[in-house]
Every structure is written in C-alpha cells, then in structure tokens.
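Student: Input file: work30.csv. Contents: CSV, C-alpha atoms.
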```csv
chain,number,residue,atom,x,y,z
C,22,MET,CA,154.4,176.3,55.5
C,23,LYS,CA,154.8,175.0,52.0
C,24,THR,CA,152.9,171.8,52.9
C,25,PHE,CA,150.2,173.8,54.7
C,26,ILE,CA,149.6,176.0,51.6
C,27,HIS,CA,149.7,173.0,49.3
C,28,ASN,CA,147.1,171.1,51.3
C,29,PHE,CA,145.0,174.3,51.8
C,30,LYS,CA,144.9,174.8,48.1
C,31,TYR,CA,144.0,171.3,47.1
C,32,THR,CA,141.4,171.0,49.8
C,33,ILE,CA,139.6,174.0,48.2
C,34,LYS,CA,139.9,172.3,44.8
C,35,ILE,CA,138.4,169.1,46.2
C,36,ILE,CA,135.4,171.0,47.7
C,37,ILE,CA,134.8,173.0,44.5
C,38,HIS,CA,134.8,169.9,42.4
C,39,ASN,CA,132.1,168.5,44.7
C,40,LYS,CA,129.3,170.3,42.8
C,41,THR,CA,126.5,168.7,44.7
C,42,GLN,CA,127.8,170.0,48.0
C,43,MET,CA,128.6,173.4,46.6
C,44,MET,CA,125.2,173.8,45.0
C,45,TRP,CA,123.4,172.6,48.2
C,46,SER,CA,125.3,175.2,50.2
C,47,ILE,CA,124.1,178.1,48.0
C,48,VAL,CA,120.8,176.9,46.6
C,49,PHE,CA,119.5,176.0,50.1
C,50,ILE,CA,119.6,179.7,51.1
C,51,ILE,CA,118.3,181.0,47.8
C,52,ALA,CA,115.4,178.5,47.6
C,53,LEU,CA,114.2,178.7,51.2
C,54,GLY,CA,114.9,182.5,51.4
C,55,THR,CA,112.8,183.1,48.4
C,56,LEU,CA,110.0,181.1,49.8
C,57,PHE,CA,110.2,182.9,53.1
C,58,TYR,CA,110.2,186.3,51.4
C,59,ALA,CA,107.3,185.4,49.2
C,60,SER,CA,105.3,184.2,52.2
C,61,PHE,CA,105.9,186.9,54.7
C,62,GLY,CA,108.6,189.2,53.6
C,63,ASN,CA,106.4,192.3,53.6
C,64,ILE,CA,103.9,191.3,56.3
C,65,TYR,CA,105.5,193.6,58.9
C,66,GLU,CA,105.5,196.6,56.6
C,67,LYS,CA,102.0,196.1,55.3
C,68,ASP,CA,100.1,194.9,58.4
C,69,GLU,CA,102.1,195.9,61.5
C,70,MET,CA,103.6,199.2,60.7
C,71,LEU,CA,101.3,202.2,61.0
C,72,HIS,CA,100.7,204.0,57.8
C,73,SER,CA,98.4,206.9,56.8
C,74,ILE,CA,94.8,205.9,57.3
C,75,LYS,CA,92.5,206.3,54.3
C,76,ALA,CA,89.3,208.1,55.1
C,77,ALA,CA,86.6,210.1,53.3
C,78,VAL,CA,85.3,213.4,54.4
C,79,VAL,CA,81.8,214.6,53.7
C,80,ILE,CA,81.4,217.8,55.9
C,81,ASP,CA,79.1,220.5,54.8
C,82,ASP,CA,79.2,222.6,57.9
C,83,GLY,CA,81.9,225.3,57.6
C,84,SER,CA,82.9,225.6,61.2
C,85,VAL,CA,83.0,221.9,61.7
C,86,LYS,CA,85.2,221.6,58.5
C,87,GLN,CA,87.6,224.3,59.8
C,88,ASN,CA,88.1,222.7,63.2
C,89,PHE,CA,88.5,219.3,61.6
C,90,ASP,CA,91.1,220.5,59.1
C,91,ASP,CA,93.0,222.1,62.0
C,92,ILE,CA,93.2,218.8,63.8
C,93,VAL,CA,94.2,216.8,60.8
C,94,ALA,CA,96.9,219.3,59.7
C,95,ASN,CA,98.6,218.9,63.1
C,96,ILE,CA,98.5,215.1,63.5
C,97,SER,CA,101.3,213.2,61.8
C,98,LEU,CA,103.1,209.9,62.1
C,99,ASP,CA,106.6,211.1,62.2
C,100,GLY,CA,106.4,214.9,61.8
C,101,GLU,CA,106.1,214.7,58.1
C,102,GLU,CA,103.6,212.0,56.9
C,103,SER,CA,100.0,212.9,57.7
C,104,LEU,CA,98.1,210.5,59.8
C,105,LEU,CA,95.0,210.7,57.5
C,106,ASP,CA,95.0,210.1,53.8
C,107,ILE,CA,91.9,212.0,52.8
C,108,THR,CA,90.1,210.5,49.8
C,109,GLU,CA,88.1,213.1,47.7
C,110,VAL,CA,84.5,212.1,47.2
C,111,SER,CA,81.5,213.8,45.6
C,112,GLY,CA,79.1,212.9,48.4
C,113,MET,CA,78.0,210.4,51.0
C,114,GLU,CA,76.9,207.8,48.4
C,115,GLU,CA,80.3,207.6,46.9
C,116,ALA,CA,82.0,207.5,50.3
C,117,GLU,CA,79.7,204.6,51.4
C,118,GLU,CA,80.6,202.6,48.3
C,119,LEU,CA,84.3,203.1,49.0
C,120,LEU,CA,83.8,202.0,52.6
C,121,ALA,CA,81.9,198.9,51.5
C,122,ASP,CA,84.7,198.0,49.1
C,123,GLU,CA,87.2,198.5,52.0
C,124,LYS,CA,89.1,201.2,50.0
C,125,ILE,CA,88.8,203.5,53.0
C,126,LYS,CA,88.6,202.8,56.8
C,127,GLY,CA,86.0,205.4,57.7
C,128,ILE,CA,83.8,208.4,56.8
C,129,PHE,CA,83.9,211.7,58.6
C,130,TYR,CA,80.6,213.7,58.1
C,131,SER,CA,78.7,216.5,59.8
C,132,GLY,CA,75.3,216.3,61.3
C,133,GLN,CA,73.4,218.8,63.5
C,134,GLY,CA,76.6,220.9,63.8
C,135,GLU,CA,78.7,218.0,65.0
C,136,LEU,CA,81.5,215.8,63.6
C,137,LYS,CA,80.4,212.2,63.2
C,138,LEU,CA,82.1,209.0,62.0
C,139,ILE,CA,81.1,205.9,60.2
C,140,VAL,CA,83.4,202.8,60.3
C,141,LYS,CA,82.8,199.3,58.9
C,142,GLU,CA,84.9,197.2,61.3
C,143,GLU,CA,86.7,197.4,64.6
C,144,GLY,CA,90.5,197.5,64.5
C,145,VAL,CA,93.5,199.7,65.3
C,146,GLU,CA,93.0,202.1,62.4
C,147,GLU,CA,89.3,202.4,63.2
C,148,SER,CA,90.1,203.2,66.8
C,149,ILE,CA,92.5,206.0,65.7
C,150,LEU,CA,89.7,207.5,63.6
C,151,THR,CA,87.4,207.3,66.7
C,152,SER,CA,90.0,209.0,68.8
C,153,ILE,CA,90.2,211.9,66.3
C,154,THR,CA,86.5,212.3,66.5
C,155,ALA,CA,86.7,212.3,70.3
C,156,ARG,CA,89.4,214.9,70.2
C,157,TYR,CA,87.3,217.2,68.1
C,158,HIS,CA,84.4,216.9,70.5
C,159,GLN,CA,86.7,217.6,73.4
C,160,ALA,CA,87.8,220.8,71.7
C,161,VAL,CA,84.3,221.9,71.0
C,162,THR,CA,83.2,221.2,74.6
C,163,VAL,CA,86.1,223.2,76.1
C,164,ALA,CA,85.4,226.1,73.8
C,165,ALA,CA,81.7,226.1,74.8
C,166,GLY,CA,82.6,226.1,78.5
C,167,LEU,CA,85.1,228.9,78.2
C,168,SER,CA,82.8,231.1,76.1
C,169,LYS,CA,80.8,231.6,79.3
C,170,ASP,CA,83.5,232.0,81.9
C,171,ALA,CA,86.7,233.1,80.2
C,172,PRO,CA,86.1,233.8,76.5
C,173,GLU,CA,89.6,235.5,76.2
C,174,LYS,CA,91.2,232.0,76.8
C,175,ILE,CA,89.4,230.3,73.9
C,176,PRO,CA,92.1,231.0,71.3
C,177,ASP,CA,94.9,229.5,73.4
C,178,ALA,CA,92.8,226.6,74.5
C,179,MET,CA,91.8,225.8,71.0
C,180,THR,CA,95.3,226.1,69.7
C,181,MET,CA,96.5,223.6,72.3
C,182,LEU,CA,93.6,221.1,71.7
C,183,LEU,CA,93.5,221.3,67.9
C,184,THR,CA,97.3,221.2,67.3
C,185,GLY,CA,98.0,218.5,69.9
C,186,GLU,CA,100.6,220.4,71.8
C,187,ASN,CA,102.4,218.2,74.3
C,188,LYS,CA,105.7,218.1,76.3
C,189,ASN,CA,106.5,214.5,75.5
C,190,ILE,CA,109.8,213.7,73.8
C,191,GLU,CA,110.0,210.7,71.5
C,192,LYS,CA,113.1,208.6,72.0
C,193,LYS,CA,113.8,205.4,70.2
C,194,LEU,CA,115.0,202.4,72.2
C,195,SER,CA,116.8,201.0,69.2
C,196,ASP,CA,117.5,202.0,65.6
C,197,GLY,CA,117.4,198.4,64.6
C,198,ASN,CA,115.0,196.5,62.4
C,199,GLY,CA,111.8,196.0,64.3
C,200,ASP,CA,110.4,193.4,61.9
C,201,THR,CA,109.4,190.4,64.0
C,202,TYR,CA,109.6,188.2,60.9
C,203,ILE,CA,113.3,188.9,60.3
C,204,GLN,CA,114.1,186.1,62.9
C,205,TYR,CA,113.2,183.5,60.3
C,206,PHE,CA,115.9,184.9,58.0
C,207,TYR,CA,118.4,185.0,60.9
C,208,ASN,CA,117.7,181.4,61.6
C,209,LEU,CA,117.9,180.5,57.9
C,210,ILE,CA,121.4,181.9,57.6
C,211,ALA,CA,122.3,180.2,60.9
C,212,MET,CA,121.1,176.9,59.6
C,213,ALA,CA,123.0,177.5,56.3
C,214,CYS,CA,126.2,178.1,58.2
C,215,LEU,CA,125.7,174.9,60.2
C,216,MET,CA,125.0,172.9,57.0
C,217,SER,CA,128.8,173.1,56.5
C,218,VAL,CA,128.6,170.1,58.8
C,219,ASN,CA,128.4,168.0,55.6
C,220,ALA,CA,131.6,169.6,54.3
C,221,GLY,CA,133.3,168.8,57.7
C,222,ILE,CA,132.1,165.2,57.5
C,223,ALA,CA,133.4,165.0,53.9
C,224,PHE,CA,136.8,166.3,55.0
C,225,ALA,CA,137.1,163.9,57.9
C,226,VAL,CA,136.1,160.9,55.8
C,227,GLY,CA,138.5,162.0,53.1
C,228,SER,CA,141.3,161.9,55.7
C,229,GLN,CA,140.7,158.3,56.5
C,230,ALA,CA,142.6,155.7,54.5
C,231,ASN,CA,140.0,153.0,54.8
C,232,LEU,CA,137.2,155.2,53.5
C,233,SER,CA,138.8,157.3,50.8
C,234,SER,CA,141.6,157.0,48.2
C,235,ILE,CA,142.5,160.6,49.0
C,236,GLY,CA,142.8,159.6,52.7
C,237,ALA,CA,145.1,156.8,51.7
C,238,ARG,CA,147.4,159.2,49.9
C,239,LYS,CA,147.4,161.6,52.8
C,240,CYS,CA,148.4,158.8,55.2
C,241,ILE,CA,151.5,157.8,53.1
C,242,SER,CA,152.4,161.4,52.2
C,243,GLY,CA,154.6,162.0,55.2
C,244,ALA,CA,152.9,165.3,56.0
C,245,ALA,CA,152.2,166.0,59.6
C,246,THR,CA,148.6,165.1,60.6
C,247,LEU,CA,148.2,168.5,62.5
C,248,THR,CA,149.2,170.4,59.4
C,249,GLN,CA,146.8,168.5,57.2
C,250,THR,CA,144.0,168.9,59.7
C,251,VAL,CA,144.3,172.6,60.3
C,252,SER,CA,144.9,173.6,56.7
C,253,GLY,CA,142.0,171.3,55.5
C,254,LEU,CA,139.6,172.7,58.1
C,255,LEU,CA,140.6,176.3,57.3
C,256,ALA,CA,140.0,175.7,53.6
C,257,THR,CA,136.6,174.1,54.3
C,258,VAL,CA,135.5,176.9,56.6
C,259,ILE,CA,136.5,179.7,54.2
C,260,THR,CA,134.8,177.9,51.2
C,261,GLN,CA,131.5,177.4,53.2
C,262,ALA,CA,131.6,181.0,54.5
C,263,ILE,CA,131.8,182.3,51.0
C,264,CYS,CA,128.8,180.2,50.0
C,265,SER,CA,126.8,181.5,52.9
C,266,LEU,CA,127.8,185.1,52.1
C,267,LEU,CA,126.6,184.6,48.6
C,268,GLY,CA,123.3,183.4,49.9
C,269,LEU,CA,123.2,186.4,52.3
C,270,ILE,CA,123.9,188.8,49.4
C,271,TYR,CA,121.0,187.3,47.5
C,272,LEU,CA,118.6,187.9,50.4
C,273,ILE,CA,119.7,191.5,50.7
C,274,ILE,CA,119.2,192.0,46.9
C,275,ILE,CA,115.6,190.7,47.1
C,276,GLY,CA,114.9,193.1,50.0
C,277,VAL,CA,115.7,191.5,53.3
C,278,ASP,CA,117.2,194.0,55.8
C,279,PHE,CA,120.2,192.6,57.6
C,280,GLY,CA,121.4,196.0,58.8
C,281,ASN,CA,124.5,198.0,57.8
C,282,GLN,CA,127.2,196.3,59.8
C,283,ALA,CA,128.7,194.2,57.1
C,284,GLY,CA,132.0,193.4,58.9
C,285,TYR,CA,130.3,192.0,62.0
C,286,THR,CA,127.8,190.1,59.9
C,287,GLY,CA,130.6,188.5,58.0
C,288,LEU,CA,132.3,187.6,61.3
C,289,ILE,CA,129.2,185.9,62.6
C,290,ILE,CA,128.9,183.8,59.4
C,291,LEU,CA,132.5,182.9,59.6
C,292,CYS,CA,132.1,181.7,63.2
C,293,GLY,CA,128.9,179.8,62.3
C,294,CYS,CA,130.6,178.0,59.4
C,295,LEU,CA,133.6,177.2,61.6
C,296,THR,CA,131.3,175.6,64.2
C,297,GLY,CA,129.4,173.6,61.5
C,298,THR,CA,132.6,172.4,59.9
C,299,CYS,CA,134.2,171.4,63.2
C,300,LEU,CA,131.1,169.6,64.3
C,301,GLY,CA,131.1,167.7,61.0
C,302,PHE,CA,134.8,166.9,61.5
C,303,PHE,CA,134.0,165.4,64.9
C,304,ILE,CA,131.1,163.3,63.5
C,305,GLY,CA,133.2,162.2,60.5
C,306,SER,CA,136.1,161.1,62.7
C,307,ILE,CA,133.9,158.6,64.7
C,308,GLY,CA,134.8,155.1,63.6
C,309,GLY,CA,132.4,152.2,63.0
C,310,LEU,CA,129.9,154.4,61.1
C,311,SER,CA,129.3,154.5,57.3
C,312,ARG,CA,129.5,157.8,55.4
C,313,ASN,CA,125.7,157.8,55.0
C,314,ALA,CA,125.1,157.3,58.7
C,315,LYS,CA,127.4,160.2,59.5
C,316,ASP,CA,125.6,162.4,57.0
C,317,VAL,CA,122.2,161.5,58.5
C,318,ILE,CA,123.5,162.3,62.0
C,319,GLY,CA,124.9,165.6,60.9
C,320,THR,CA,121.8,166.7,59.1
C,321,ALA,CA,119.6,165.6,62.0
C,322,ILE,CA,121.6,167.7,64.4
C,323,VAL,CA,121.4,170.8,62.2
C,324,VAL,CA,117.7,170.4,61.6
C,325,GLY,CA,117.0,169.7,65.3
C,326,THR,CA,118.9,172.8,66.4
C,327,ALA,CA,117.2,174.9,63.7
C,328,PHE,CA,113.8,173.8,65.0
C,329,LEU,CA,114.7,174.6,68.6
C,330,SER,CA,116.0,178.0,67.4
C,331,GLY,CA,112.7,178.9,65.8
C,332,LEU,CA,113.2,178.3,62.0
C,333,MET,CA,110.0,176.2,61.8
C,334,VAL,CA,108.0,177.7,64.7
C,335,GLY,CA,108.7,181.4,65.3
C,336,ASN,CA,108.4,181.5,69.1
C,337,MET,CA,110.1,178.1,69.8
C,338,ARG,CA,113.3,179.7,71.1
C,339,MET,CA,111.2,181.7,73.6
C,340,VAL,CA,109.5,178.4,74.7
C,341,VAL,CA,112.9,176.8,75.1
C,342,GLU,CA,114.2,179.8,77.0
C,343,GLU,CA,111.3,179.5,79.4
C,344,LYS,CA,111.4,175.7,79.9
C,345,CYS,CA,115.2,174.9,79.6
C,346,PRO,CA,117.3,178.1,78.9
C,347,VAL,CA,120.6,176.2,79.0
C,348,ILE,CA,119.7,174.7,75.5
C,349,ASN,CA,119.7,178.2,73.9
C,350,LYS,CA,123.1,178.8,75.4
C,351,ILE,CA,124.7,175.8,73.7
C,352,ASN,CA,122.5,175.5,70.6
C,353,PRO,CA,124.7,176.7,67.7
C,354,THR,CA,121.8,177.8,65.5
C,355,ALA,CA,120.3,179.8,68.3
C,356,LEU,CA,123.7,181.4,69.1
C,357,ILE,CA,124.2,182.5,65.5
C,358,ALA,CA,120.6,183.8,65.1
C,359,ASP,CA,120.8,185.6,68.4
C,360,SER,CA,124.1,187.2,67.3
C,361,PHE,CA,122.4,188.7,64.2
C,362,TYR,CA,119.5,189.8,66.4
C,363,SER,CA,121.8,191.4,69.1
C,364,LEU,CA,123.9,193.1,66.4
C,365,GLU,CA,120.8,194.8,65.0
C,366,ILE,CA,119.0,195.7,68.3
C,367,TYR,CA,121.6,196.5,70.9
C,368,ASP,CA,124.1,199.4,70.9
C,369,THR,CA,126.9,197.3,72.4
C,370,TYR,CA,128.5,194.1,71.1
C,371,ASP,CA,128.7,192.3,74.4
C,372,ARG,CA,125.9,189.9,73.7
C,373,CYS,CA,127.1,189.3,70.2
C,374,PHE,CA,130.7,188.6,71.2
C,375,GLY,CA,129.5,186.4,74.0
C,376,ASN,CA,127.6,184.2,71.5
C,377,LEU,CA,130.6,184.1,69.2
C,378,ILE,CA,133.0,183.0,72.0
C,379,THR,CA,130.6,180.2,72.8
C,380,LEU,CA,130.6,179.1,69.2
C,381,LEU,CA,134.5,179.2,69.2
C,382,ILE,CA,134.5,177.0,72.4
C,383,ILE,CA,132.2,174.5,70.7
C,384,SER,CA,134.4,174.5,67.6
C,385,VAL,CA,137.6,173.8,69.7
C,386,LEU,CA,135.9,171.0,71.6
C,387,CYS,CA,134.7,169.4,68.4
C,388,VAL,CA,138.2,169.6,66.8
C,389,PHE,CA,139.8,168.2,69.9
C,390,GLY,CA,137.3,165.4,70.1
C,391,GLY,CA,137.8,164.6,66.4
C,392,VAL,CA,141.6,164.5,66.7
C,393,LEU,CA,141.3,162.4,69.9
C,394,VAL,CA,139.0,159.9,68.3
C,395,GLY,CA,141.0,159.5,65.1
C,396,ARG,CA,144.6,159.8,66.3
C,397,ARG,CA,145.1,156.1,67.2
C,398,LYS,CA,143.8,154.7,63.9
C,399,ARG,CA,146.1,152.2,62.2
C,400,TYR,CA,145.5,150.4,59.0
C,401,ALA,CA,146.7,146.8,58.2
C,402,SER,CA,146.7,147.6,54.5
C,403,ILE,CA,146.2,150.7,52.5
```
Before we go any further, please render this structure as structure tokens.

Tutor:
Amino acid sequence: MKTFIHNFKYTIKIIIHNKTQMMWSIVFIIALGTLFYASFGNIYEKDEMLHSIKAAVVIDDGSVKQNFDDIVANISLDGEESLLDITEVSGMEEAEELLADEKIKGIFYSGQGELKLIVKEEGVEESILTSITARYHQAVTVAAGLSKDAPEKIPDAMTMLLTGENKNIEKKLSDGNGDTYIQYFYNLIAMACLMSVNAGIAFAVGSQANLSSIGARKCISGAATLTQTVSGLLATVITQAICSLLGLIYLIIIGVDFGNQAGYTGLIILCGCLTGTCLGFFIGSIGGLSRNAKDVIGTAIVVGTAFLSGLMVGNMRMVVEEKCPVINKINPTALIADSFYSLEIYDTYDRCFGNLITLLIISVLCVFGGVLVGRRKRYASI
C-alpha cells in the first residue's frame, strides 16, 4: 500500500509539472466552449422558444375593443405571461412605422365594425396573431347566430369562446433542458474527457525504460508492475477528471445549463476520463511507434469519434444511428454525450448507466490490451 500511495502521489506531481498538457486539458474546454456559447448559446431561447408577441392595437370601435380585450386577457403562454405584448401607439401611422421597423409583428385595428389585422411577414408569430383574429370572428359569428334563436345562451357561449375554456390538461413529457443546441456542449465535454488519451499515452511512455528516464527508474525500482500501473492510471484519471470538471464549471458560470444532478454529472465525467486514459495507455504501450506517432493516433481517434458523435455536425449522430447504429454503441464520445442527454431528459437512469457500463468495459479492454502488449518487454541495457 505504501508503494501504491507513493507512486500515486508522484504520478500526480509529474502530470502537474507537465504544464502544456494541463493547460490544454482546461483551455480546450474554455476556448471552444466560449466560442460555442458566443455563436449559438442563446439561439434556442431567442428564436425557438415562444415569447410574448409584440403587437400594436388601433381599435376605435368600443364593442370590438371590449371583445378583443376579453380574448387577450385570457390567452397566456403558461398561465402567467400574456401571449400578446401590446405596444401603445398614438395612431395607425405610428403603428405602421413600428411594423416597418420590425419592432412589432402585427397591427390589430377596427374597420366597419370588425377586427382586422396587418402583418408584414409570414411566420409562427404572425400565424398566432391571425388565429387570434379568427377566434374573435368566430365569437362574433356565434353571438350573431344565437341572437336570433337562443339569445339567453349568448353570455355562456361568449364566455367560453372569449376565455378559451377547454378540458385539456397540459402534461410535460420531461422537465429537462429542451435546448437542441445543448448537444454541442455535451459533445464538447465528452471530447474533453477523451482528450485524456494524451495523458494516458504520456503515462504509458513514461513507464517504458527505452523511451523515458522515469521509465528506466521504474523498471529497476523493484515495485510490482501491477501496482505501478494501477496507481499511475488512477492518478491520471483523477487529475484529468478535475481538469474537465473545472471546464464544466466555467461553462455553467457563463450560462450553459447542464441540469441539477451534479453527482451523476461528475460520475459521467469520471468514466469518460477513465476511458480516455485507458485508451491512451493502450496506444502508448504499443511498441515500434514513436511518441509523436502515438500522440497523432490518439488525437485522430478522439477527433474522429467527436465528429461521428455530432460535435462538428449536429445531426451526425442521427445519421450514424440510421446507417450503422453499432458505431454509436461503441463510440466513447457518443456514449458520454448520450449519458448527459439521457440524464437530463429521462426520468430513469437505465440508459445512462448502460452507457457508463459500456465505457467501463472499453476501459477494461484497453488496460488489458496495454498490459498484454507491454508485459513481455525486456531491455538489453537501461
């Protein structure tokens, strides 16, 4: 145990003194995360979520104004926020100027005793304004018909039509983050976790006597190889996980929503760093390759898996799922990103834990492969 702790401690010191590797682990998330957030961090909130629609009202007819106000007062987005954000105007001329400057989406006005609408473009918000106008006309038509046959029913009918009474019950399918752009940040953290492949390569190379002076010392130290390997890998994983967590904290500070399940989020990052480190250990243990060649292979694998997972092209993972779904089931970046996604969307943890188990299996296979490749090495002179 004393040897284990000693090797664990000094492996951490070696990693910390490698300033380039440490800076890359943290700065990568900060730099790319800032770029992502600046590019589309608020697109979902601004363009895809429905907010109050700005409109101007120029209604001179008293009865039209009363019925219109009754409709608007009883239509809301969530029971609190009004669907319409009415802009006060002095007259039609001012309203038309606001519409031309795109400061409002439409103008409600009265003409010949009817409610009318002017819009500049066609879109979702303009369609909603049109539906409000249609609802008003429906109410007036029903009232006109009942005035002849059953005038006593007019108050109840108008109340139902103007207040939008219905028997539907709203039920959310998920309380998670519905932002479609959050997947880019999931993939960013996933790639950052797998970038620990470089640390795994550095550890494997540092354990080989013919490639490192530290490796030469380890070979003649007398410590068991298993103890050195396990303690070194554990120290590397923990250090890389801390770097990734610091990057995650930065993203949360600037406004990226990763949910409120901090414990499971940390577990996903830990498993992701474990997979990246073990993959690097396997690559670093392969003989006959230079350190630079191993780094290139490791980086290529990480970037390739990130691409297939959707970091560069948002719907790439869906394309892969359609064409060759088995890739998503063994792609570490996709598994990590999907773990974040499932943690946020689903009420159960089955899918998340299934992904993490797959990551652990990949890690075990990489460690076993690395030990198998490097166990028979002998050195003529160290």

Student: Which is closest to Cys299 in chain C among C:Leu247, C:Phe389, C:Ile357, C:Arg338, if we use only C-alpha atoms?

Tutor: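 Smallest separation from Cys299 in chain C among the options: C:Phe389.
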
Student: Which residue out of C:Asp122, C:Asp278, C:Glu135, C:Glu343 has the minimum interatomic distance to Tyr157 in chain C when all atoms listed in the file are used?

Tutor: C:Glu135

Student: Of the residues C:Ala225, C:Asp371, C:Lys350, C:Leu377, which is the one nearest to Val394 in chain C, using all atoms listed in the file?

Tutor: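 The closest residue to Val394 in chain C is C:Ala225.
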
Student: Hey, which of C:Leu272, C:Leu356, C:Val340, C:Ala262 ends up closest to Thr298 in chain C? Count all atoms listed in the file.

Tutor: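 Looking only at the distances to Thr298 in chain C, the closest residue turns out to be C:Ala262.
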
Student: Around (121.9, 184.6, 67.4) in the file's frame, which residues reach within 12 Å when counting all atoms listed in the file? Return as a PDB file with C-alpha atoms, in the frame of the given file?

Tutor:
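Saved file selection.pdb follows:
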```
ATOM      1  CA  ILE C 203     113.300 188.900  60.300  1.00  0.00           C
ATOM      2  CA  GLN C 204     114.100 186.100  62.900  1.00  0.00           C
ATOM      3  CA  TYR C 205     113.200 183.500  60.300  1.00  0.00           C
ATOM      4  CA  PHE C 206     115.900 184.900  58.000  1.00  0.00           C
ATOM      5  CA  TYR C 207     118.400 185.000  60.900  1.00  0.00           C
ATOM      6  CA  ASN C 208     117.700 181.400  61.600  1.00  0.00           C
ATOM      7  CA  LEU C 209     117.900 180.500  57.900  1.00  0.00           C
ATOM      8  CA  ILE C 210     121.400 181.900  57.600  1.00  0.00           C
ATOM      9  CA  ALA C 211     122.300 180.200  60.900  1.00  0.00           C
ATOM     10  CA  MET C 212     121.100 176.900  59.600  1.00  0.00           C
ATOM     11  CA  THR C 286     127.800 190.100  59.900  1.00  0.00           C
ATOM     12  CA  ILE C 289     129.200 185.900  62.600  1.00  0.00           C
ATOM     13  CA  ILE C 290     128.900 183.800  59.400  1.00  0.00           C
ATOM     14  CA  CYS C 292     132.100 181.700  63.200  1.00  0.00           C
ATOM     15  CA  GLY C 293     128.900 179.800  62.300  1.00  0.00           C
ATOM     16  CA  ALA C 327     117.200 174.900  63.700  1.00  0.00           C
ATOM     17  CA  SER C 330     116.000 178.000  67.400  1.00  0.00           C
ATOM     18  CA  GLY C 331     112.700 178.900  65.800  1.00  0.00           C
ATOM     19  CA  ARG C 338     113.300 179.700  71.100  1.00  0.00           C
ATOM     20  CA  ASN C 349     119.700 178.200  73.900  1.00  0.00           C
ATOM     21  CA  LYS C 350     123.100 178.800  75.400  1.00  0.00           C
ATOM     22  CA  ILE C 351     124.700 175.800  73.700  1.00  0.00           C
ATOM     23  CA  ASN C 352     122.500 175.500  70.600  1.00  0.00           C
ATOM     24  CA  PRO C 353     124.700 176.700  67.700  1.00  0.00           C
ATOM     25  CA  THR C 354     121.800 177.800  65.500  1.00  0.00           C
ATOM     26  CA  ALA C 355     120.300 179.800  68.300  1.00  0.00           C
ATOM     27  CA  LEU C 356     123.700 181.400  69.100  1.00  0.00           C
ATOM     28  CA  ILE C 357     124.200 182.500  65.500  1.00  0.00           C
ATOM     29  CA  ALA C 358     120.600 183.800  65.100  1.00  0.00           C
ATOM     30  CA  ASP C 359     120.800 185.600  68.400  1.00  0.00           C
ATOM     31  CA  SER C 360     124.100 187.200  67.300  1.00  0.00           C
ATOM     32  CA  PHE C 361     122.400 188.700  64.200  1.00  0.00           C
ATOM     33  CA  TYR C 362     119.500 189.800  66.400  1.00  0.00           C
ATOM     34  CA  SER C 363     121.800 191.400  69.100  1.00  0.00           C
ATOM     35  CA  LEU C 364     123.900 193.100  66.400  1.00  0.00           C
ATOM     36  CA  GLU C 365     120.800 194.800  65.000  1.00  0.00           C
ATOM     37  CA  ILE C 366     119.000 195.700  68.300  1.00  0.00           C
ATOM     38  CA  ARG C 372     125.900 189.900  73.700  1.00  0.00           C
ATOM     39  CA  CYS C 373     127.100 189.300  70.200  1.00  0.00           C
ATOM     40  CA  PHE C 374     130.700 188.600  71.200  1.00  0.00           C
ATOM     41  CA  GLY C 375     129.500 186.400  74.000  1.00  0.00           C
ATOM     42  CA  ASN C 376     127.600 184.200  71.500  1.00  0.00           C
ATOM     43  CA  LEU C 377     130.600 184.100  69.200  1.00  0.00           C
ATOM     44  CA  THR C 379     130.600 180.200  72.800  1.00  0.00           C
ATOM     45  CA  LEU C 380     130.600 179.100  69.200  1.00  0.00           C
TER      46      LEU C 380
END
```

Student: Taking all atoms listed in the file into account, which of C:Ser131, C:Ser84, C:Ser73, C:Thr55 comes nearest Leu104 in chain C?

Tutor: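 Using all atoms listed in the file, Leu104 in chain C sits closest to C:Ser73.
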
Student: Check the smallest atom-to-atom distance from each of C:Leu269, C:Leu136, C:Ile36, C:Val388 to Ile51 in chain C using all atoms listed in the file, then report the winner.

Tutor: C:Leu269

Student: Please measure the separation of CA of Tyr130 in chain C and CA of Val93 in chain C, giving the value in Å to one decimal.

Tutor: 14.2 Å

Student: How far is it from CA of Thr369 in chain C to CA of Gly287 in chain C, in Å with one decimal?

Tutor: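 Interatomic distance here is 17.3 Å.
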
Student: Select, counting all atoms listed in the file, all protein, DNA and RNA residues no farther than 10 Å from (82.4, 208.9, 50.0) in file coordinates, and express the selection as JSON, numbers by chain.

Tutor: {"C": [76, 77, 78, 79, 108, 109, 110, 111, 112, 113, 114, 115, 116, 117, 118, 119, 120, 125, 127, 128, 129, 130]}

Student: Would you list the contacts of Tyr31 in chain C as a list in words, taking every protein, DNA or RNA residue within 12 Å and counting only C-alpha atoms, but skipping same-chain residues closer than 5 positions in sequence?

Tutor: Thr24, Phe25, Ile26, Ile36, Ile37, His38, Phe224, Ile235, Lys239, Gln249, Ser252, Gly253, Leu254, Leu255, Ala256 and Thr257 of chain C

Student: To one decimal place, how far is CA of Trp45 in chain C from CA of Ser265 in chain C in Å?

Tutor: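 Going from CA of Trp45 in chain C over to CA of Ser265 in chain C covers 10.6 Å.
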